[in-house]
$ cat my_file.txt   # compact mmCIF, C-alpha atoms
# COMPACT_ATOMS: atom_id res chain seq x y z
CA MET A 578 0.00 0.00 0.00
CA ALA A 579 2.68 2.48 0.95
CA SER A 580 4.55 1.95 -2.33
CA LYS A 581 1.76 3.61 -4.39
CA ASP A 582 2.53 7.03 -2.98
CA LYS A 583 2.65 8.85 -6.29
CA ILE A 584 -0.37 10.72 -7.57
CA GLN A 585 -1.51 8.75 -10.59
CA HIS A 586 -5.01 10.07 -11.28
CA ASP A 587 -5.54 13.74 -10.55
CA HIS A 588 -8.93 14.27 -12.22
CA ASN A 589 -9.84 17.31 -10.14
CA HIS A 590 -6.35 18.81 -10.52
CA ASP A 591 -6.13 19.22 -6.80
CA GLY A 592 -3.40 16.77 -5.97
CA ILE A 593 -5.71 14.07 -4.62
CA ASP A 594 -5.66 10.64 -6.24
CA ARG A 595 -9.17 9.42 -5.41
CA ARG A 596 -8.68 6.08 -7.12
CA GLY A 597 -5.59 5.68 -5.00
CA PHE A 598 -7.69 6.41 -1.93
CA LEU A 599 -10.25 3.78 -2.86
CA ARG A 600 -7.49 1.25 -3.50
CA CYS A 601 -6.02 2.09 -0.13
CA MET A 602 -9.37 1.77 1.61
CA ALA A 603 -10.11 -1.57 -0.05
CA TRP A 604 -6.70 -2.86 0.97
CA ALA A 605 -7.29 -1.81 4.57
CA GLY A 606 -10.22 -4.15 4.25
CA THR A 607 -12.25 -3.81 7.39
CA GLY A 608 -14.99 -1.47 6.23
CA ALA A 609 -14.94 1.58 8.35
CA LEU A 610 -11.19 1.83 8.75
CA CYS A 611 -8.80 3.56 6.50
CA VAL A 612 -5.44 4.35 7.99
CA MET A 613 -3.81 6.93 5.83
CA GLN A 614 -0.37 7.14 7.36
CA GLY A 615 2.10 7.15 4.51
CA GLY A 616 -0.83 6.99 2.08
CA VAL A 617 -1.66 9.23 -0.82
CA LEU A 618 -2.98 12.24 1.05
CA LYS A 619 0.08 12.43 3.26
CA SER A 620 2.39 12.32 0.30
CA TYR A 621 0.37 15.06 -1.26
CA ALA A 622 0.80 17.21 1.79
CA LEU A 623 4.52 16.57 1.98
CA GLY A 624 4.90 17.09 -1.76
CA ARG A 625 3.29 20.47 -1.49
CA GLY A 626 5.51 21.10 1.49
CA GLY A 627 8.26 22.12 -0.87
CA ASP A 628 7.15 25.70 -0.57
CA MET A 629 5.91 25.35 2.99
CA GLY A 630 8.43 27.88 4.22
CA LYS A 631 6.30 30.80 3.07
CA ILE A 632 2.64 31.43 3.75
CA HIS A 633 1.06 33.25 0.83
CA LYS A 634 -1.87 35.61 0.84
CA GLY A 635 -5.13 33.66 1.00
CA GLU A 636 -3.36 30.71 2.59
CA LEU A 637 -4.04 29.51 6.08
CA ALA A 638 -1.95 27.37 8.41
CA PHE A 639 -3.18 26.06 11.75
CA VAL A 640 -2.46 23.16 14.05
CA GLN A 641 -4.69 20.62 15.74
CA ILE A 642 -3.64 19.13 19.08
CA SER A 643 -5.73 16.77 21.14
CA ASP A 644 -6.18 14.68 24.27
CA SER A 645 -3.56 16.27 26.49
CA HIS A 646 -5.24 14.58 29.53
CA MET A 647 -3.47 16.91 31.94
CA GLY A 648 -3.48 15.15 35.31
CA PHE A 649 -3.04 11.60 33.99
CA ASP A 650 -0.15 9.88 35.80
CA LYS A 651 -0.38 6.15 35.20
CA PRO A 652 2.33 3.90 33.67
CA ALA A 653 1.28 4.57 30.05
CA ASN A 654 2.80 8.05 30.56
CA THR A 655 3.86 9.41 33.95
CA ASP A 656 4.87 12.76 32.40
CA VAL A 657 2.00 14.19 30.36
CA ILE A 658 3.33 17.66 31.12
CA GLY A 659 6.64 16.76 29.45
CA THR A 660 5.01 15.30 26.36
CA PHE A 661 2.64 18.26 26.09
CA LYS A 662 5.60 20.62 26.22
CA ALA A 663 7.31 18.50 23.55
CA ALA A 664 4.21 18.94 21.38
CA ILE A 665 4.43 22.72 21.75
CA ASP A 666 8.14 22.59 20.89
CA LYS A 667 7.20 20.61 17.78
CA ILE A 668 4.64 23.26 16.80
CA ASN A 669 7.12 26.05 17.41
CA ALA A 670 9.60 24.31 15.10
CA LEU A 671 7.20 24.14 12.13
CA PRO A 672 8.47 25.97 9.04
CA VAL A 673 5.28 28.04 8.99
CA ALA A 674 3.93 29.29 12.33
CA PRO A 675 0.26 28.35 12.72
CA GLU A 676 -2.15 31.25 12.85
CA PHE A 677 -4.02 29.43 15.64
CA ILE A 678 -4.29 26.09 17.40
CA LEU A 679 -7.40 23.92 17.68
CA HIS A 680 -7.52 21.70 20.78
CA THR A 681 -10.03 18.92 20.13
CA GLY A 682 -10.66 18.10 23.76
CA ASP A 683 -9.79 15.95 26.78
CA ILE A 684 -7.71 18.94 27.69
CA SER A 685 -7.81 17.72 31.31
CA HIS A 686 -8.03 14.24 32.75
CA LEU A 687 -10.55 14.94 35.51
CA ALA A 688 -11.77 18.49 34.73
CA LYS A 689 -9.84 19.88 37.71
CA PRO A 690 -9.02 23.61 37.69
CA ALA A 691 -5.29 22.92 38.17
CA GLU A 692 -5.32 20.65 35.12
CA PHE A 693 -6.92 23.30 32.91
CA ASP A 694 -4.51 25.88 34.39
CA ASN A 695 -1.49 23.77 33.43
CA VAL A 696 -2.59 23.39 29.83
CA GLU A 697 -3.31 27.09 29.40
CA GLN A 698 0.01 27.96 31.02
CA ILE A 699 2.03 25.66 28.76
CA LEU A 700 0.16 26.90 25.68
CA LYS A 701 1.35 30.43 26.42
CA SER A 702 4.72 29.41 25.00
CA ALA A 703 3.18 28.33 21.68
CA LYS A 704 4.07 30.69 18.84
CA THR A 705 0.54 31.38 17.70
CA SER A 706 -2.12 34.05 18.08
CA GLU A 707 -5.12 32.13 19.36
CA ILE A 708 -6.20 28.81 20.85
CA PHE A 709 -9.68 27.41 20.17
CA TYR A 710 -11.05 24.57 22.28
CA VAL A 711 -13.83 22.02 22.20
CA PRO A 712 -14.35 19.76 25.22
CA GLY A 713 -13.81 16.04 25.56
CA GLU A 714 -15.80 13.83 27.94
CA HIS A 715 -13.00 14.12 30.54
CA ASP A 716 -13.46 17.90 30.57
CA PHE A 717 -17.10 17.45 31.62
CA VAL A 718 -16.41 15.05 34.49
CA GLY A 719 -18.01 15.87 37.85
CA ASP A 720 -19.67 19.17 36.98
CA ASP A 721 -21.23 18.54 33.54
CA GLY A 722 -18.83 21.05 32.02
CA LYS A 723 -19.47 24.00 34.31
CA GLY A 724 -15.74 24.56 34.93
CA TYR A 725 -14.86 24.06 31.27
CA LEU A 726 -17.51 26.55 30.12
CA GLU A 727 -16.51 29.17 32.69
CA ARG A 728 -12.99 28.99 31.34
CA PHE A 729 -13.42 28.34 27.62
CA GLY A 730 -17.09 28.92 26.86
CA LYS A 731 -17.14 32.66 26.16
CA GLY A 732 -19.13 33.38 23.03
CA SER A 733 -20.30 29.81 22.69
CA LYS A 734 -23.81 28.41 22.91
CA GLY A 735 -25.33 25.52 24.83
CA SER A 736 -22.64 23.06 25.91
CA GLY A 737 -19.94 25.11 24.15
CA TRP A 738 -20.50 25.11 20.39
CA TYR A 739 -19.52 28.04 18.15
CA SER A 740 -18.19 29.02 14.73
CA PHE A 741 -15.75 31.55 13.30
CA ASP A 742 -14.16 32.49 9.98
CA LYS A 743 -10.52 32.75 9.01
CA LYS A 744 -9.39 33.76 5.51
CA GLY A 745 -12.64 32.61 3.95
CA VAL A 746 -12.68 29.23 5.71
CA HIS A 747 -15.63 28.62 8.05
CA PHE A 748 -14.69 26.79 11.28
CA ILE A 749 -17.33 25.06 13.38
CA GLY A 750 -16.57 23.80 16.91
CA LEU A 751 -19.09 21.15 17.98
CA VAL A 752 -19.64 19.46 21.36
CA ASN A 753 -20.58 15.79 21.30
CA VAL A 754 -19.71 14.88 24.90
CA ALA A 755 -22.62 16.44 26.83
CA ASN A 756 -25.69 14.55 28.13
CA LEU A 757 -24.37 11.18 27.07
CA LYS A 758 -26.97 8.43 27.39
CA ALA A 759 -26.43 4.92 28.72
CA GLY A 760 -25.26 2.61 25.93
CA GLY A 761 -24.87 5.51 23.51
CA LEU A 762 -22.05 6.98 21.48
CA GLY A 763 -21.17 10.67 21.25
CA SER A 764 -24.18 12.95 20.91
CA LEU A 765 -24.77 16.39 19.39
CA GLY A 766 -28.40 16.87 20.44
CA SER A 767 -31.26 18.67 18.71
CA ASP A 768 -30.42 22.20 19.95
CA GLN A 769 -26.93 22.01 18.52
CA LEU A 770 -28.13 20.46 15.26
CA GLU A 771 -30.71 23.23 14.86
CA TRP A 772 -27.99 25.82 15.47
CA LEU A 773 -25.69 24.13 12.94
CA GLU A 774 -28.33 24.07 10.21
CA ASP A 775 -28.88 27.76 10.73
CA ASP A 776 -25.16 28.57 11.03
CA VAL A 777 -24.30 27.27 7.54
CA LYS A 778 -27.58 28.19 5.84
CA HIS A 779 -26.37 31.36 4.17
CA LEU A 780 -22.85 30.25 3.27
CA LYS A 781 -21.91 29.74 -0.38
CA SER A 782 -21.35 26.09 -1.24
CA SER A 783 -17.82 26.96 -2.31
CA THR A 784 -16.91 28.01 1.27
CA PRO A 785 -14.38 25.55 2.71
CA ILE A 786 -15.71 24.16 5.99
CA VAL A 787 -13.71 22.78 8.92
CA VAL A 788 -15.66 21.03 11.67
CA PHE A 789 -13.83 20.14 14.85
CA ALA A 790 -15.25 18.04 17.69
CA HIS A 791 -13.84 15.60 20.22
CA ILE A 792 -15.47 12.25 19.48
CA PRO A 793 -15.22 11.16 15.82
CA LEU A 794 -18.16 12.20 13.68
CA TRP A 795 -17.86 9.01 11.67
CA THR A 796 -18.39 5.52 13.00
CA ILE A 797 -15.01 3.95 13.61
CA TYR A 798 -15.71 1.32 16.28
CA PRO A 799 -19.07 1.52 18.12
CA ASP A 800 -18.20 -1.10 20.78
CA TRP A 801 -15.60 1.31 22.11
CA GLY A 802 -17.78 4.41 21.77
CA TRP A 803 -15.84 5.63 18.74
CA GLY A 804 -18.64 7.39 16.88
CA THR A 805 -21.47 9.92 17.25
CA ASP A 806 -25.10 8.80 17.26
CA ASP A 807 -26.53 11.81 15.42
CA SER A 808 -23.62 12.94 13.24
CA ALA A 809 -25.41 11.89 10.03
CA GLN A 810 -27.86 14.76 10.50
CA ALA A 811 -24.99 17.22 10.98
CA LEU A 812 -23.18 15.96 7.91
CA GLY A 813 -26.44 16.25 5.98
CA TYR A 814 -26.37 20.03 6.51
CA LEU A 815 -22.85 20.10 5.08
CA LYS A 816 -23.49 17.88 2.06
CA ARG A 817 -23.75 20.74 -0.43
CA PHE A 818 -20.34 22.20 0.39
CA GLY A 819 -17.45 21.53 -1.95
CA ALA A 820 -14.79 20.94 0.69
CA VAL A 821 -15.50 19.79 4.24
CA THR A 822 -12.79 18.73 6.67
CA VAL A 823 -13.73 17.07 9.95
CA LEU A 824 -11.05 17.07 12.66
CA ASN A 825 -11.56 14.88 15.71
CA GLY A 826 -9.64 13.39 18.63
CA HIS A 827 -10.70 10.89 21.31
CA ILE A 828 -9.14 7.75 19.82
CA HIS A 829 -5.49 8.70 20.44
CA GLN A 830 -4.27 7.62 17.01
CA THR A 831 -4.45 9.02 13.52
CA MET A 832 -7.09 7.74 11.20
CA GLN A 833 -8.50 9.20 8.01
CA LYS A 834 -11.41 8.61 5.68
CA VAL A 835 -12.58 10.43 2.58
CA GLU A 836 -16.25 10.29 1.66
CA GLY A 837 -17.25 12.44 -1.29
CA ASN A 838 -16.30 16.00 -0.44
CA VAL A 839 -15.70 15.23 3.23
CA THR A 840 -12.28 14.37 4.66
CA PHE A 841 -12.42 12.94 8.19
CA HIS A 842 -9.23 12.94 10.24
CA THR A 843 -8.40 12.06 13.84
CA ALA A 844 -5.30 13.27 15.64
CA CYS A 845 -2.87 11.61 18.02
CA SER A 846 -2.94 12.40 21.71
CA THR A 847 -0.09 14.28 23.35
CA ALA A 848 -0.52 12.09 26.47
CA PHE A 849 -0.84 8.36 25.69
CA PRO A 850 -1.69 6.10 22.77
CA GLN A 851 -4.67 3.77 22.59
CA PRO A 852 -4.91 0.42 20.81
CA LYS A 853 -6.18 -0.04 17.28
CA PRO A 854 -9.87 -0.96 17.15
CA GLY A 855 -10.46 -4.43 18.57
CA ALA A 856 -6.74 -5.03 19.11
CA ALA A 857 -7.15 -5.02 22.91
CA PRO A 858 -9.93 -5.84 25.42
CA SER A 859 -10.68 -2.14 25.87
CA PRO A 860 -9.73 1.31 24.51
CA GLY A 861 -7.73 2.26 27.61
CA PRO A 862 -4.21 3.72 27.74
CA MET A 863 -1.79 1.51 25.83
CA LYS A 864 1.51 0.85 27.56
CA VAL A 865 4.52 0.72 25.26
CA PRO A 866 8.29 0.62 25.93
CA ALA A 867 9.42 4.07 27.10
CA GLU A 868 11.55 4.70 24.02
CA GLN A 869 8.53 4.15 21.75
CA LEU A 870 6.05 6.41 23.55
CA ARG A 871 6.80 9.65 21.73
CA SER A 872 6.54 7.98 18.34
CA LEU A 873 2.87 7.29 19.15
CA LEU A 874 2.04 10.82 20.28
CA GLY A 875 1.81 13.82 17.97
CA VAL A 876 0.32 16.98 16.50
CA THR A 877 -1.41 17.72 13.21
CA ASP A 878 -0.47 20.57 10.87
CA VAL A 879 -3.13 21.79 8.44
CA HIS A 880 -2.68 24.03 5.43
CA PHE A 881 -5.32 25.59 3.27
CA LYS A 882 -4.56 27.09 -0.11
CA LYS A 883 -7.26 29.20 -1.69
CA GLY A 884 -8.81 27.47 -4.69
CA GLN A 885 -7.67 24.00 -3.70
CA HIS A 886 -10.20 21.32 -3.07
CA ALA A 887 -9.12 19.98 0.28
CA LEU A 888 -6.89 20.98 3.14
CA ALA A 889 -3.42 19.49 3.36
CA ILE A 890 -3.17 17.54 6.60
CA THR A 891 0.21 16.41 7.97
CA ASP A 892 0.64 14.39 11.14
CA SER A 893 3.96 14.59 13.00
CA THR A 894 4.92 12.42 15.93
CA LEU A 895 6.81 13.71 18.95
CA GLY A 896 9.75 11.33 18.57
CA MET B 893 -28.22 -33.13 87.21
CA SER B 894 -30.39 -31.02 89.50
CA ARG B 895 -32.90 -28.66 88.00
CA TRP B 896 -30.71 -25.74 89.01
CA GLY B 897 -27.83 -27.38 87.29
CA ILE B 898 -29.85 -27.77 84.11
CA LEU B 899 -31.00 -24.15 84.34
CA ALA B 900 -27.40 -23.05 84.80
CA VAL B 901 -26.33 -24.95 81.67
CA ILE B 902 -29.21 -23.54 79.65
CA LEU B 903 -28.48 -19.97 80.74
CA THR B 904 -24.76 -20.38 79.94
CA VAL B 905 -25.47 -21.72 76.47
CA VAL B 906 -27.98 -18.95 75.72
CA THR B 907 -25.60 -16.26 77.03
CA ILE B 908 -22.86 -17.49 74.75
CA ALA B 909 -25.13 -18.12 71.77
CA PHE B 910 -27.24 -14.97 71.96
CA PRO B 911 -24.55 -12.38 71.05
CA VAL B 912 -23.33 -14.56 68.14
CA LEU B 913 -26.82 -14.93 66.72
CA THR B 914 -27.67 -11.25 67.01
CA LYS B 915 -24.31 -10.22 65.52
CA ALA B 916 -24.88 -12.35 62.42
CA ALA B 917 -28.40 -11.01 61.97
CA GLY B 918 -27.26 -7.38 62.49
CA GLU B 919 -24.42 -7.26 59.88
CA PRO B 920 -25.66 -5.94 56.53
CA ALA B 921 -25.05 -8.04 53.40
CA THR B 922 -22.44 -6.64 51.04
CA ALA B 923 -21.62 -7.14 47.39
CA GLU B 924 -18.56 -6.13 45.35
CA ILE B 925 -18.48 -4.96 41.75
CA LYS B 926 -15.13 -4.54 40.02
CA ILE B 927 -14.62 -1.95 37.32
CA ASP B 928 -11.85 -2.93 34.90
CA ASN B 929 -11.17 -2.92 31.17
CA PHE B 930 -14.08 -0.56 30.55
CA SER B 931 -16.61 -2.96 32.06
CA PHE B 932 -18.49 -3.69 35.28
CA ALA B 933 -18.06 -7.21 36.70
CA PRO B 934 -20.45 -8.81 37.30
CA GLN B 935 -22.44 -7.03 34.59
CA THR B 936 -25.65 -8.25 36.22
CA ALA B 937 -25.54 -8.41 40.00
CA THR B 938 -28.49 -10.02 41.78
CA ILE B 939 -28.71 -9.06 45.44
CA ALA B 940 -31.05 -9.19 48.41
CA SER B 941 -32.85 -6.04 49.54
CA GLY B 942 -30.74 -4.18 52.08
CA THR B 943 -27.42 -5.13 50.49
CA LYS B 944 -24.67 -2.54 50.34
CA VAL B 945 -22.97 -2.65 46.95
CA THR B 946 -19.41 -1.32 46.63
CA TRP B 947 -17.81 -0.57 43.26
CA THR B 948 -14.01 -0.44 43.05
CA ASN B 949 -12.27 1.02 39.99
CA GLN B 950 -9.36 -1.21 39.07
CA ASP B 951 -8.94 0.30 35.60
CA ASP B 952 -6.18 2.78 34.80
CA ILE B 953 -8.70 5.35 33.58
CA PRO B 954 -11.42 7.07 35.68
CA HIS B 955 -15.02 5.85 35.52
CA THR B 956 -18.33 6.82 37.11
CA VAL B 957 -21.30 4.81 38.35
CA VAL B 958 -24.52 6.54 37.32
CA SER B 959 -28.08 5.22 37.23
CA ASP B 960 -29.62 5.53 33.75
CA ASP B 961 -32.02 8.22 35.03
CA LYS B 962 -28.95 10.08 36.37
CA THR B 963 -30.71 10.74 39.71
CA THR B 964 -31.18 7.48 41.64
CA PHE B 965 -27.46 7.18 42.22
CA LYS B 966 -24.49 9.06 40.82
CA SER B 967 -20.86 8.75 41.84
CA GLN B 968 -18.04 11.26 41.46
CA ALA B 969 -15.36 10.30 38.97
CA LEU B 970 -13.55 7.33 40.48
CA ASP B 971 -9.86 7.21 39.73
CA THR B 972 -7.90 3.94 40.08
CA ASP B 973 -8.59 2.22 43.46
CA GLU B 974 -11.37 4.62 44.41
CA LYS B 975 -14.70 3.23 45.65
CA PHE B 976 -18.37 4.09 45.65
CA SER B 977 -21.14 2.43 47.68
CA VAL B 978 -24.92 2.31 47.52
CA THR B 979 -27.30 0.38 49.79
CA PHE B 980 -30.28 -0.96 47.84
CA SER B 981 -33.46 -1.41 49.87
CA LYS B 982 -36.26 -1.24 47.28
CA PRO B 983 -36.63 -4.36 45.11
CA GLY B 984 -36.39 -3.81 41.37
CA THR B 985 -33.92 -3.60 38.48
CA TYR B 986 -31.49 -0.70 38.45
CA THR B 987 -29.71 -0.17 35.14
CA TYR B 988 -26.63 2.03 35.26
CA PHE B 989 -23.66 3.12 33.15
CA CYS B 990 -20.41 5.07 33.18
CA SER B 991 -21.23 8.66 32.22
CA ILE B 992 -17.72 9.20 30.82
CA HIS B 993 -17.79 6.04 28.68
CA PRO B 994 -21.52 5.45 28.10
CA LYS B 995 -21.01 2.14 26.27
CA MET B 996 -20.19 0.67 29.70
CA THR B 997 -23.57 -0.54 30.95
CA ALA B 998 -24.67 -2.93 33.71
CA LYS B 999 -27.53 -3.63 36.09
CA ILE B 1000 -28.38 -4.53 39.67
CA VAL B 1001 -31.37 -6.75 40.36
CA VAL B 1002 -32.67 -6.31 43.90
CA GLN B 1003 -34.88 -9.14 45.14
$ encode --input "my_file.txt" --output "structure tokens"
Amino acid sequence: MASKDKIQHDHNHDGIDRRGFLRCMAWAGTGALCVMQGGVLKSYALGRGGDMGKIHKGELAFVQISDSHMGFDKPANTDVIGTFKAAIDKINALPVAPEFILHTGDISHLAKPAEFDNVEQILKSAKTSEIFYVPGEHDFVGDDGKGYLERFGKGSKGSGWYSFDKKGVHFIGLVNVANLKAGGLGSLGSDQLEWLEDDVKHLKSSTPIVVFAHIPLWTIYPDWGWGTDDSAQALGYLKRFGAVTVLNGHIHQTMQKVEGNVTFHTACSTAFPQPKPGAAPSPGPMKVPAEQLRSLLGVTDVHFKKGQHALAITDSTLG
Amino acid sequence: MSRWGILAVILTVVTIAFPVLTKAAGEPATAEIKIDNFSFAPQTATIASGTKVTWTNQDDIPHTVVSDDKTTFKSQALDTDEKFSVTFSKPGTYTYFCSIHPKMTAKIVVQ
């Protein structure tokens, strides 16, 4: 699979080999999974990286980080502060400084004020102008998100959803970790869905859309809660748009899927890895030899070039 | 043996036996549920009314114990080795889950 890295069929002249994607997905074989590490999209991103040193007018660079789990201290990683700092160092060493950072949740491990404080403090050394957050289920522990919203909820609605625009790209932060029901997956809820429908109603279909939320908005592995019960309705509102990118966290490993005009991507954690779907009895922290840990943690760099069909997404590990 | 002797024996036996019998009757029944690998074990616990159930989190990630209606019982987040107890008096079936990882579901049947 990795040997077919060259773009062979570029029908849309946007650097994406869709036939290559389908071949890759078929090879991966197990239906919902498509691991794109070293696959066509990544090569595309790296290939375009030749001129990554300069950011041109109309271009946008930002970074996604996820699952810092500040406060976690078990054997899988007894130094989440250290690995979080390493992630910031990685971001600061990027050839193009990101205009902002998206944190896709599980900022804290137990929603404690000191945990949120630590993350905000460490992020102050990131060379970027703004940090945007969406919560993970760990950020809502104990107080149903009251502490999270007091700290990060300004300007947001309901359990913390909001949208903003940067250089013509429309960003939508969704919350799918509130009011979770027994036996369920992630959940957006009718209030948020109503808001979303309205939020995108007047946008031109050519507007690039980036949706970011903690739990994956596509069904990766329901037994482990890796999916969102009502995401189909949300994606329905975005069907008419030419380029939609969905950035998620929660699963502590990178995974990617392309479906029509929608690219789904999950990021690594900066704290600890989790097993591949079904590869372990449960999705808990995965212990690995110390020297391997940082190779399973990482950040995601995203570039948007005006006029191009999809965003260029590059995952980098911490070691 | 004289009748006083018999009475003495009876009183001695009762004096010794009485505290033991009342102690056994007075101690509440208990039940243990282990939380590990994102599951509750046993997943269905059948207990007698009046039993005190104690959950212990043996997983390396925090979990909660919350009744499906989110009001009957609701624990704080339990980190590794932390416990939560509920005494069930009313017979019935109590379904519950982990509010952080809602795919973790289980039930208590109180007879």
$ residues_around --input "my_file.txt" --residues "Ser740 in chain A" --least-positions-apart "5" --cutoff "10 Å" --atoms "only C-alpha atoms" --output "ChimeraX atom specification"
/A:732-734,747-751,773,776-777,787-789
$ closest_atom_pairs --input "my_file.txt" --of "chain B" --to "chain A" --cutoff "8 Å" --atoms "all atoms listed in the file" --output "Markdown table"
| residue | atom | partner | partner_atom | distance |
| --- | --- | --- | --- | --- |
| B:Asn929 | CA | A:Ser859 | CA | 5.4 |
| B:Phe930 | CA | A:Ser859 | CA | 6.0 |
| B:Asp952 | CA | A:Lys651 | CA | 6.7 |
| B:Ile953 | CA | A:Gly861 | CA | 6.8 |
| B:Pro954 | CA | A:Leu687 | CA | 7.9 |
| B:Asp960 | CA | A:Ala759 | CA | 6.0 |
| B:Gln968 | CA | A:Gly719 | CA | 5.9 |
| B:Ala969 | CA | A:Gly719 | CA | 6.3 |
| B:Tyr988 | CA | A:Ala759 | CA | 7.2 |
| B:Phe989 | CA | A:Ala759 | CA | 5.5 |
| B:Cys990 | CA | A:Ala759 | CA | 7.5 |
| B:Ser991 | CA | A:Leu757 | CA | 6.5 |
| B:Ile992 | CA | A:Glu714 | CA | 5.8 |
| B:His993 | CA | A:Gly802 | CA | 7.1 |
| B:Pro994 | CA | A:Ala759 | CA | 5.0 |
| B:Lys995 | CA | A:Gly760 | CA | 4.3 |
| B:Met996 | CA | A:Gly760 | CA | 6.6 |
| B:Thr997 | CA | A:Gly760 | CA | 6.2 |
$ atom_distance --input "my_file.txt" --atom1 "CA of Asn838 in chain A" --atom2 "CA of Val640 in chain A"
21.3 Å
$ atom_distance --input "my_file.txt" --atom1 "CA of Ile797 in chain A" --atom2 "CA of Asp951 in chain B"
23.1 Å
$ closest_residue --input "my_file.txt" --among "A:Met863, A:Gln833, A:His880, A:Lys743" --to "His633 in chain A" --atoms "all atoms listed in the file"
A:His880
$ closest_residue --input "my_file.txt" --among "A:Met647, A:Ala867, A:Leu780, A:Cys845" --to "Lys689 in chain A" --atoms "all atoms listed in the file"
A:Met647
$ residues_around --input "my_file.txt" --residues "Leu870 in chain A" --least-positions-apart "3" --cutoff "8 Å" --atoms "only C-alpha atoms" --output "list in words"
Asn654, Phe849, Pro850, Val865, Pro866, Ala867, Leu873, Leu874 and Gly896 of chain A
$ write_last_selection --input "my_file.txt" --atoms "C-alpha atoms" --output "tab-separated table (two decimals), in the coordinates of the input"
chain	number	residue	atom	x	y	z
A	654	ASN	CA	2.80	8.05	30.56
A	849	PHE	CA	-0.84	8.36	25.69
A	850	PRO	CA	-1.69	6.10	22.77
A	865	VAL	CA	4.52	0.72	25.26
A	866	PRO	CA	8.29	0.62	25.93
A	867	ALA	CA	9.42	4.07	27.10
A	873	LEU	CA	2.87	7.29	19.15
A	874	LEU	CA	2.04	10.82	20.28
A	896	GLY	CA	9.75	11.33	18.57
$ atom_distance --input "my_file.txt" --atom1 "CA of Thr987 in chain B" --atom2 "CA of Leu770 in chain A"
28.7 Å
$ axis_aligned_box --input "my_file.txt" --around "range 696-710 of chain A" --padding-each-side "3 Å" --output "AutoDock Vina command-line options"
--center_x -3.2 --center_y 28.7 --center_z 24.4 --size_x 21.8 --size_y 16.7 --size_z 19.3
$ residues_near_point --input "my_file.txt" --point "(-26.2, 24.3, 24.8)" --cutoff "10 Å" --atoms "only C-alpha atoms" --output "ChimeraX atom specification"
/A:733-738,752,755,765-769,772
$ closest_residue --input "my_file.txt" --among "A:Gly826, A:Gly682, A:Gly819, A:Thr796" --to "Ala887 in chain A" --atoms "only C-alpha atoms"
A:Gly819
$ residues_around --input "my_file.txt" --residues "Val945 in chain B" --least-positions-apart "5" --cutoff "12 Å" --atoms "only C-alpha atoms" --output "VMD selection string"
chain B and resid 920 to 926 934 937 to 940 957 965 975 to 981 999 to 1002
$ closest_residue --input "my_file.txt" --among "A:Lys667, A:Ala856, A:Val879, A:His646" --to "Ile684 in chain A" --atoms "all atoms listed in the file"
A:His646
$ residues_around --input "my_file.txt" --residues "Ile665 in chain A" --least-positions-apart "2" --cutoff "9 Å" --atoms "all atoms listed in the file" --output "tab-separated table (two decimals) with C-alpha atoms, keeping the file's coordinate frame"
chain	number	residue	atom	x	y	z
A	660	THR	CA	5.01	15.30	26.36
A	661	PHE	CA	2.64	18.26	26.09
A	662	LYS	CA	5.60	20.62	26.22
A	663	ALA	CA	7.31	18.50	23.55
A	667	LYS	CA	7.20	20.61	17.78
A	668	ILE	CA	4.64	23.26	16.80
A	669	ASN	CA	7.12	26.05	17.41
A	670	ALA	CA	9.60	24.31	15.10
A	699	ILE	CA	2.03	25.66	28.76
A	700	LEU	CA	0.16	26.90	25.68
A	702	SER	CA	4.72	29.41	25.00
A	703	ALA	CA	3.18	28.33	21.68
A	704	LYS	CA	4.07	30.69	18.84
A	876	VAL	CA	0.32	16.98	16.50
$ residues_around --input "my_file.txt" --residues "Ser783 in chain A" --least-positions-apart "4" --cutoff "12 Å" --atoms "all atoms listed in the file" --output "PyMOL selection string"
chain A and resi 745-747+777+779+815-821+838+883-887
$ decode --input "my_file.txt" --residues "range 688-695 of chain A" --atoms "N, CA and C atoms" --output "JSON list (two decimals), in the first residue's frame"
[["chain", "number", "residue", "atom", "x", "y", "z"],
["A", 688, "ALA", "N", -11.12, 17.18, 34.70],
["A", 688, "ALA", "CA", -11.77, 18.49, 34.73],
["A", 688, "ALA", "C", -11.43, 19.30, 35.98],
["A", 689, "LYS", "N", -10.23, 19.10, 36.51],
["A", 689, "LYS", "CA", -9.84, 19.88, 37.71],
["A", 689, "LYS", "C", -9.26, 21.22, 37.28],
["A", 690, "PRO", "N", -9.55, 22.28, 38.04],
["A", 690, "PRO", "CA", -9.02, 23.61, 37.69],
["A", 690, "PRO", "C", -7.51, 23.62, 37.47],
["A", 691, "ALA", "N", -6.75, 22.92, 38.32],
["A", 691, "ALA", "CA", -5.29, 22.92, 38.17],
["A", 691, "ALA", "C", -4.86, 22.29, 36.85],
["A", 692, "GLU", "N", -5.65, 21.32, 36.39],
["A", 692, "GLU", "CA", -5.32, 20.65, 35.12],
["A", 692, "GLU", "C", -5.54, 21.61, 33.95],
["A", 693, "PHE", "N", -6.67, 22.31, 33.96],
["A", 693, "PHE", "CA", -6.92, 23.30, 32.91],
["A", 693, "PHE", "C", -5.86, 24.39, 32.97],
["A", 694, "ASP", "N", -5.53, 24.84, 34.19],
["A", 694, "ASP", "CA", -4.51, 25.88, 34.39],
["A", 694, "ASP", "C", -3.20, 25.49, 33.72],
["A", 695, "ASN", "N", -2.76, 24.25, 33.97],
["A", 695, "ASN", "CA", -1.49, 23.77, 33.43],
["A", 695, "ASN", "C", -1.46, 23.84, 31.92]]
